[in-house]
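With PDB, C-alpha atoms, pLDDT in the B column inside, this is entry34.pdb:
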```pdb
ATOM      1  CA  MET A   1     102.249 113.122 104.050  1.00 72.00           C
ATOM      2  CA  PRO A   2     101.813 110.714 106.988  1.00 88.00           C
ATOM      3  CA  GLU A   3     104.937 109.108 108.388  1.00 92.00           C
ATOM      4  CA  THR A   4     105.991 106.917 111.280  1.00 95.00           C
ATOM      5  CA  ARG A   5     109.251 107.439 113.150  1.00 95.00           C
ATOM      6  CA  ILE A   6     111.026 104.435 114.662  1.00 96.00           C
ATOM      7  CA  GLN A   7     114.065 104.744 116.914  1.00 95.00           C
ATOM      8  CA  LEU A   8     116.550 102.031 115.964  1.00 96.00           C
ATOM      9  CA  PRO A   9     118.199 100.054 118.780  1.00 95.00           C
ATOM     10  CA  ALA A  10     121.717 101.277 119.605  1.00 94.00           C
ATOM     11  CA  HIS A  11     123.383  98.139 118.191  1.00 93.00           C
ATOM     12  CA  VAL A  12     121.734  98.499 114.747  1.00 94.00           C
ATOM     13  CA  ALA A  13     123.839 100.352 112.177  1.00 90.00           C
ATOM     14  CA  PRO A  14     123.320 101.026 108.468  1.00 91.00           C
ATOM     15  CA  PRO A  15     123.013  99.534 105.963  1.00 93.00           C
ATOM     16  CA  VAL A  16     119.671  98.049 106.928  1.00 96.00           C
ATOM     17  CA  ASP A  17     116.838  96.223 105.207  1.00 97.00           C
ATOM     18  CA  VAL A  18     113.394  97.180 106.507  1.00 98.00           C
ATOM     19  CA  PHE A  19     110.278  95.019 106.468  1.00 98.00           C
ATOM     20  CA  VAL A  20     106.721  95.914 107.490  1.00 97.00           C
ATOM     21  CA  ASN A  21     104.545  92.845 108.030  1.00 95.00           C
ATOM     22  CA  GLY A  22     107.171  90.804 106.172  1.00 96.00           C
ATOM     23  CA  VAL A  23     107.076  93.009 103.062  1.00 97.00           C
ATOM     24  CA  PRO A  24     110.416  94.634 102.149  1.00 98.00           C
ATOM     25  CA  LEU A  25     110.515  98.424 101.914  1.00 97.00           C
ATOM     26  CA  VAL A  26     112.683 100.356  99.467  1.00 97.00           C
ATOM     27  CA  GLU A  27     115.023 102.967 100.913  1.00 97.00           C
ATOM     28  CA  GLY A  28     114.230 106.391  99.484  1.00 96.00           C
ATOM     29  CA  ASP A  29     110.789 105.380  98.233  1.00 96.00           C
ATOM     30  CA  ASP A  30     109.278 103.818 101.368  1.00 97.00           C
ATOM     31  CA  PHE A  31     111.630 104.905 104.148  1.00 97.00           C
ATOM     32  CA  VAL A  32     114.652 107.066 104.955  1.00 96.00           C
ATOM     33  CA  LEU A  33     117.201 106.992 107.747  1.00 96.00           C
ATOM     34  CA  ASP A  34     117.429 110.216 109.743  1.00 94.00           C
ATOM     35  CA  GLY A  35     120.438 109.629 111.955  1.00 92.00           C
ATOM     36  CA  HIS A  36     119.465 106.649 114.112  1.00 93.00           C
ATOM     37  CA  THR A  37     115.760 107.088 113.367  1.00 95.00           C
ATOM     38  CA  LEU A  38     113.923 105.156 110.697  1.00 96.00           C
ATOM     39  CA  VAL A  39     111.232 107.268 109.007  1.00 95.00           C
ATOM     40  CA  VAL A  40     108.603 105.158 107.234  1.00 96.00           C
ATOM     41  CA  LYS A  41     106.680 107.245 104.707  1.00 94.00           C
ATOM     42  CA  ARG A  42     103.233 106.036 105.792  1.00 93.00           C
ATOM     43  CA  SER A  43     101.201 105.638 108.934  1.00 92.00           C
ATOM     44  CA  LEU A  44     101.645 102.399 110.813  1.00 93.00           C
ATOM     45  CA  ALA A  45      99.218 101.103 113.435  1.00 90.00           C
ATOM     46  CA  LYS A  46      99.376  99.122 116.672  1.00 85.00           C
ATOM     47  CA  GLU A  47      96.607  96.935 117.963  1.00 72.00           C
ATOM     48  CA  GLY A  48      96.812  98.379 121.468  1.00 63.00           C
ATOM     49  CA  ASN A  49      95.604  96.855 124.707  1.00 66.00           C
ATOM     50  CA  LEU A  50      93.012  94.120 124.780  1.00 65.00           C
ATOM     51  CA  GLY A  51      89.890  95.591 126.349  1.00 73.00           C
ATOM     52  CA  PHE A  52      87.357  93.670 128.410  1.00 76.00           C
ATOM     53  CA  TRP A  53      84.885  93.044 125.583  1.00 74.00           C
ATOM     54  CA  ARG A  54      87.524  91.885 123.136  1.00 69.00           C
ATOM     55  CA  TRP A  55      88.944  89.581 125.818  1.00 71.00           C
ATOM     56  CA  PHE A  56      85.453  88.304 126.647  1.00 78.00           C
ATOM     57  CA  LEU A  57      84.641  87.559 123.012  1.00 72.00           C
ATOM     58  CA  GLY A  58      88.012  85.853 122.555  1.00 72.00           C
ATOM     59  CA  ALA A  59      87.353  83.662 125.592  1.00 74.00           C
ATOM     60  CA  TRP A  60      84.290  82.369 123.745  1.00 77.00           C
ATOM     61  CA  GLY A  61      86.257  81.748 120.570  1.00 75.00           C
ATOM     62  CA  ILE A  62      85.003  84.811 118.724  1.00 74.00           C
ATOM     63  CA  GLY A  63      87.967  86.559 117.117  1.00 69.00           C
ATOM     64  CA  THR A  64      88.287  90.298 116.706  1.00 65.00           C
ATOM     65  CA  TYR A  65      91.048  91.738 114.609  1.00 68.00           C
ATOM     66  CA  ARG A  66      92.638  95.141 114.366  1.00 70.00           C
ATOM     67  CA  LYS A  67      95.482  96.431 112.286  1.00 81.00           C
ATOM     68  CA  ASN A  68      98.814  95.650 113.926  1.00 84.00           C
ATOM     69  CA  ASP A  69     101.911  96.478 111.894  1.00 93.00           C
ATOM     70  CA  VAL A  70     105.187  94.714 112.706  1.00 94.00           C
ATOM     71  CA  VAL A  71     108.487  96.375 111.772  1.00 96.00           C
ATOM     72  CA  ASP A  72     111.615  94.237 111.377  1.00 97.00           C
ATOM     73  CA  VAL A  73     115.087  95.483 110.484  1.00 97.00           C
ATOM     74  CA  ARG A  74     117.801  93.219 109.056  1.00 98.00           C
ATOM     75  CA  TYR A  75     121.376  94.391 109.597  1.00 97.00           C
ATOM     76  CA  ALA A  76     124.920  93.031 109.827  1.00 96.00           C
ATOM     77  CA  ARG A  77     127.035  93.146 112.959  1.00 94.00           C
ATOM     78  CA  ASP A  78     130.526  91.666 113.191  1.00 93.00           C
ATOM     79  CA  GLY A  79     129.945  89.929 109.862  1.00 93.00           C
ATOM     80  CA  VAL A  80     126.788  88.186 111.076  1.00 96.00           C
ATOM     81  CA  THR A  81     123.341  88.989 109.671  1.00 96.00           C
ATOM     82  CA  LYS A  82     120.831  89.711 112.439  1.00 96.00           C
ATOM     83  CA  VAL A  83     117.222  90.869 112.690  1.00 97.00           C
ATOM     84  CA  ALA A  84     115.717  93.364 115.117  1.00 96.00           C
ATOM     85  CA  HIS A  85     112.147  92.055 115.326  1.00 96.00           C
ATOM     86  CA  ASP A  86     108.919  93.932 116.100  1.00 94.00           C
ATOM     87  CA  LEU A  87     110.464  97.325 116.754  1.00 96.00           C
ATOM     88  CA  ASP A  88     108.413  99.696 118.871  1.00 92.00           C
ATOM     89  CA  PHE A  89     107.059 102.886 117.328  1.00 90.00           C
ATOM     90  CA  GLU A  90     104.798 105.755 118.221  1.00 80.00           C
ATOM     91  CA  VAL A  91     101.513 105.730 116.401  1.00 72.00           C
ATOM     92  CA  PRO A  92     101.345 109.005 114.433  1.00 65.00           C
ATOM     93  CA  SER A  93      98.739 111.425 115.701  1.00 63.00           C
ATOM     94  CA  ASP A  94      96.065 112.741 113.381  1.00 58.00           C
ATOM     95  CA  PRO A  95      97.155 116.238 112.254  1.00 54.00           C
ATOM     96  CA  GLY A  96      93.491 117.255 111.992  1.00 50.00           C
ATOM     97  CA  SER A  97      92.759 116.713 115.688  1.00 42.00           C
TER      98      SER A  97
END
```

Let me see whether you can do it: turn the structure in this file into structure tokens.
Amino acid sequence: MPETRIQLPAHVAPPVDVFVNGVPLVEGDDFVLDGHTLVVKRSLAKEGNLGFWRWFLGAWGIGTYRKNDVVDVRYARDGVTKVAHDLDFEVPSDPGS
């Protein structure tokens, strides 16, 4: 089963609410916490660097789109609700390669 591991920032502590692209995930079904690591039970993707041709097309107003997942985590600290936005993650490698 594909999964994506996300290291939570040091100041984020459970309980947390997790969102991928603004859609809430359910703990146990969609993700689990493994210590201070969030394990999402599916592959997430990053757009990556903008290459020359994609930049060139964009300069002419021609859009190109790639999948780019955004992970947000809502948590409470000192009684205040906060959000860690657009957390970094490693794109899972293909086990078949």

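Proximity to Met1 of chain A at 10 Å, evaluated using all atoms listed in the file and with sequence-adjacent residues fewer than 6 positions away removed, yields Lys41, Arg42 and Ser43 of chain A.
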
Which protein, DNA or RNA residues have an atom at most 10 Å from (106.3, 93.1, 103.6), counting all atoms listed in the file? List them as a ChimeraX atom specification.
/A:18-25,69-72

Between atom CA of Asn68 of chain A and atom CA of Glu47 of chain A, what distance in Å does the model show, to one decimal?
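So the two atoms, atom CA of Asn68 of chain A and atom CA of Glu47 of chain A, lie 4.8 Å apart.
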
Give me the residues within 9 Å of Val39 of chain A as JSON, numbers by chain, counting all atoms listed in the file and dropping any in the same chain fewer than 2 places off.
{"A": [3, 4, 5, 6, 7, 30, 31, 32, 33, 34, 37, 41, 42]}

Please expand the PyMOL selection byres ((chain A and resi 8-10) around 9) into the concrete residues it hits in this file, giving the result as a ChimeraX atom specification.
/A:6-7,11-13,36-38,73,84,87-88

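Here atom CA of Val91 of chain A is placed at a distance of 10.7 Å from atom CA of Pro2 of chain A.
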
With all atoms listed in the file as the counted atoms, please give the residues lying no more than 9 Å from Val83 of chain A, apart from itself and same-chain residues fewer than 2 positions off, as a list in words.
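Close residues of Val83 of chain A: Asp72, Val73, Arg74, Tyr75, Ala76, Thr81 and His85 of chain A.
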
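A straight line drawn from atom CA of Glu90 of chain A to atom CA of Gly28 of chain A is 21.0 Å long.
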
Using the atoms already present, construct all heavy atoms for segment 2-13 of chain A and hand them back as a PDB file, keeping the file's coordinate frame.
```
ATOM      1  N   PRO A   2     101.663 111.405 105.712  1.00 88.00           N
ATOM      2  CA  PRO A   2     101.813 110.714 106.988  1.00 88.00           C
ATOM      3  C   PRO A   2     103.133 109.948 107.033  1.00 88.00           C
ATOM      4  O   PRO A   2     103.617 109.453 106.006  1.00 88.00           O
ATOM      5  CB  PRO A   2     100.627 109.762 107.033  1.00 88.00           C
ATOM      6  CG  PRO A   2     100.231 109.566 105.620  1.00 88.00           C
ATOM      7  CD  PRO A   2     100.596 110.829 104.902  1.00 88.00           C
ATOM      8  N   GLU A   3     103.706 109.865 108.215  1.00 92.00           N
ATOM      9  CA  GLU A   3     104.937 109.108 108.388  1.00 92.00           C
ATOM     10  C   GLU A   3     104.975 108.546 109.801  1.00 92.00           C
ATOM     11  O   GLU A   3     104.286 109.030 110.694  1.00 92.00           O
ATOM     12  CB  GLU A   3     106.166 109.961 108.119  1.00 92.00           C
ATOM     13  CG  GLU A   3     106.348 111.107 109.073  1.00 92.00           C
ATOM     14  CD  GLU A   3     107.571 111.949 108.757  1.00 92.00           C
ATOM     15  OE1 GLU A   3     107.936 112.102 107.584  1.00 92.00           O
ATOM     16  OE2 GLU A   3     108.157 112.471 109.709  1.00 92.00           O
ATOM     17  N   THR A   4     105.789 107.522 109.976  1.00 95.00           N
ATOM     18  CA  THR A   4     105.991 106.917 111.280  1.00 95.00           C
ATOM     19  C   THR A   4     107.478 106.907 111.564  1.00 95.00           C
ATOM     20  O   THR A   4     108.270 106.475 110.726  1.00 95.00           O
ATOM     21  CB  THR A   4     105.443 105.473 111.300  1.00 95.00           C
ATOM     22  OG1 THR A   4     104.067 105.498 110.926  1.00 95.00           O
ATOM     23  CG2 THR A   4     105.582 104.868 112.675  1.00 95.00           C
ATOM     24  N   ARG A   5     107.850 107.376 112.749  1.00 95.00           N
ATOM     25  CA  ARG A   5     109.251 107.439 113.150  1.00 95.00           C
ATOM     26  C   ARG A   5     109.542 106.309 114.131  1.00 95.00           C
ATOM     27  O   ARG A   5     108.810 106.097 115.083  1.00 95.00           O
ATOM     28  CB  ARG A   5     109.577 108.792 113.755  1.00 95.00           C
ATOM     29  CG  ARG A   5     109.295 109.930 112.764  1.00 95.00           C
ATOM     30  CD  ARG A   5     109.594 111.293 113.347  1.00 95.00           C
ATOM     31  NE  ARG A   5     111.003 111.573 113.495  1.00 95.00           N
ATOM     32  CZ  ARG A   5     111.816 111.924 112.501  1.00 95.00           C
ATOM     33  NH1 ARG A   5     111.350 112.036 111.277  1.00 95.00           N
ATOM     34  NH2 ARG A   5     113.087 112.163 112.733  1.00 95.00           N
ATOM     35  N   ILE A   6     110.648 105.592 113.859  1.00 96.00           N
ATOM     36  CA  ILE A   6     111.026 104.435 114.662  1.00 96.00           C
ATOM     37  C   ILE A   6     112.482 104.610 115.086  1.00 96.00           C
ATOM     38  O   ILE A   6     113.368 104.716 114.233  1.00 96.00           O
ATOM     39  CB  ILE A   6     110.870 103.131 113.855  1.00 96.00           C
ATOM     40  CG1 ILE A   6     109.436 103.021 113.340  1.00 96.00           C
ATOM     41  CG2 ILE A   6     111.281 101.931 114.672  1.00 96.00           C
ATOM     42  CD1 ILE A   6     109.278 102.067 112.189  1.00 96.00           C
ATOM     43  N   GLN A   7     112.707 104.636 116.391  1.00 95.00           N
ATOM     44  CA  GLN A   7     114.065 104.744 116.914  1.00 95.00           C
ATOM     45  C   GLN A   7     114.724 103.372 116.812  1.00 95.00           C
ATOM     46  O   GLN A   7     114.214 102.391 117.357  1.00 95.00           O
ATOM     47  CB  GLN A   7     114.040 105.215 118.371  1.00 95.00           C
ATOM     48  CG  GLN A   7     115.400 105.496 118.943  1.00 95.00           C
ATOM     49  CD  GLN A   7     116.086 106.683 118.283  1.00 95.00           C
ATOM     50  OE1 GLN A   7     115.446 107.652 117.903  1.00 95.00           O
ATOM     51  NE2 GLN A   7     117.388 106.594 118.127  1.00 95.00           N
ATOM     52  N   LEU A   8     115.850 103.302 116.107  1.00 96.00           N
ATOM     53  CA  LEU A   8     116.550 102.031 115.964  1.00 96.00           C
ATOM     54  C   LEU A   8     117.294 101.709 117.256  1.00 96.00           C
ATOM     55  O   LEU A   8     117.793 102.613 117.930  1.00 96.00           O
ATOM     56  CB  LEU A   8     117.545 102.096 114.805  1.00 96.00           C
ATOM     57  CG  LEU A   8     116.946 102.227 113.413  1.00 96.00           C
ATOM     58  CD1 LEU A   8     118.048 102.403 112.379  1.00 96.00           C
ATOM     59  CD2 LEU A   8     116.114 101.009 113.076  1.00 96.00           C
ATOM     60  N   PRO A   9     117.393 100.429 117.613  1.00 95.00           N
ATOM     61  CA  PRO A   9     118.199 100.054 118.780  1.00 95.00           C
ATOM     62  C   PRO A   9     119.653 100.498 118.580  1.00 95.00           C
ATOM     63  O   PRO A   9     120.141 100.594 117.452  1.00 95.00           O
ATOM     64  CB  PRO A   9     118.088  98.531 118.816  1.00 95.00           C
ATOM     65  CG  PRO A   9     116.850  98.205 118.058  1.00 95.00           C
ATOM     66  CD  PRO A   9     116.723  99.281 117.014  1.00 95.00           C
ATOM     67  N   ALA A  10     120.350 100.741 119.668  1.00 94.00           N
ATOM     68  CA  ALA A  10     121.717 101.277 119.605  1.00 94.00           C
ATOM     69  C   ALA A  10     122.672 100.382 118.824  1.00 94.00           C
ATOM     70  O   ALA A  10     123.594 100.876 118.174  1.00 94.00           O
ATOM     71  CB  ALA A  10     122.244 101.502 121.023  1.00 94.00           C
ATOM     72  N   HIS A  11     122.466  99.069 118.849  1.00 93.00           N
ATOM     73  CA  HIS A  11     123.383  98.139 118.191  1.00 93.00           C
ATOM     74  C   HIS A  11     123.108  97.976 116.695  1.00 93.00           C
ATOM     75  O   HIS A  11     123.861  97.299 116.009  1.00 93.00           O
ATOM     76  CB  HIS A  11     123.327  96.771 118.880  1.00 93.00           C
ATOM     77  CG  HIS A  11     121.966  96.160 118.879  1.00 93.00           C
ATOM     78  ND1 HIS A  11     121.026  96.451 119.830  1.00 93.00           N
ATOM     79  CD2 HIS A  11     121.389  95.294 118.018  1.00 93.00           C
ATOM     80  CE1 HIS A  11     119.924  95.772 119.569  1.00 93.00           C
ATOM     81  NE2 HIS A  11     120.111  95.069 118.467  1.00 93.00           N
ATOM     82  N   VAL A  12     122.062  98.600 116.177  1.00 94.00           N
ATOM     83  CA  VAL A  12     121.734  98.499 114.747  1.00 94.00           C
ATOM     84  C   VAL A  12     122.392  99.659 114.006  1.00 94.00           C
ATOM     85  O   VAL A  12     122.218 100.813 114.368  1.00 94.00           O
ATOM     86  CB  VAL A  12     120.202  98.524 114.524  1.00 94.00           C
ATOM     87  CG1 VAL A  12     119.879  98.537 113.041  1.00 94.00           C
ATOM     88  CG2 VAL A  12     119.545  97.339 115.209  1.00 94.00           C
ATOM     89  N   ALA A  13     123.157  99.321 112.968  1.00 90.00           N
ATOM     90  CA  ALA A  13     123.839 100.352 112.177  1.00 90.00           C
ATOM     91  C   ALA A  13     123.581 100.097 110.696  1.00 90.00           C
ATOM     92  O   ALA A  13     123.420  98.953 110.275  1.00 90.00           O
ATOM     93  CB  ALA A  13     125.335 100.325 112.464  1.00 90.00           C
TER      94      ALA A  13
END
```
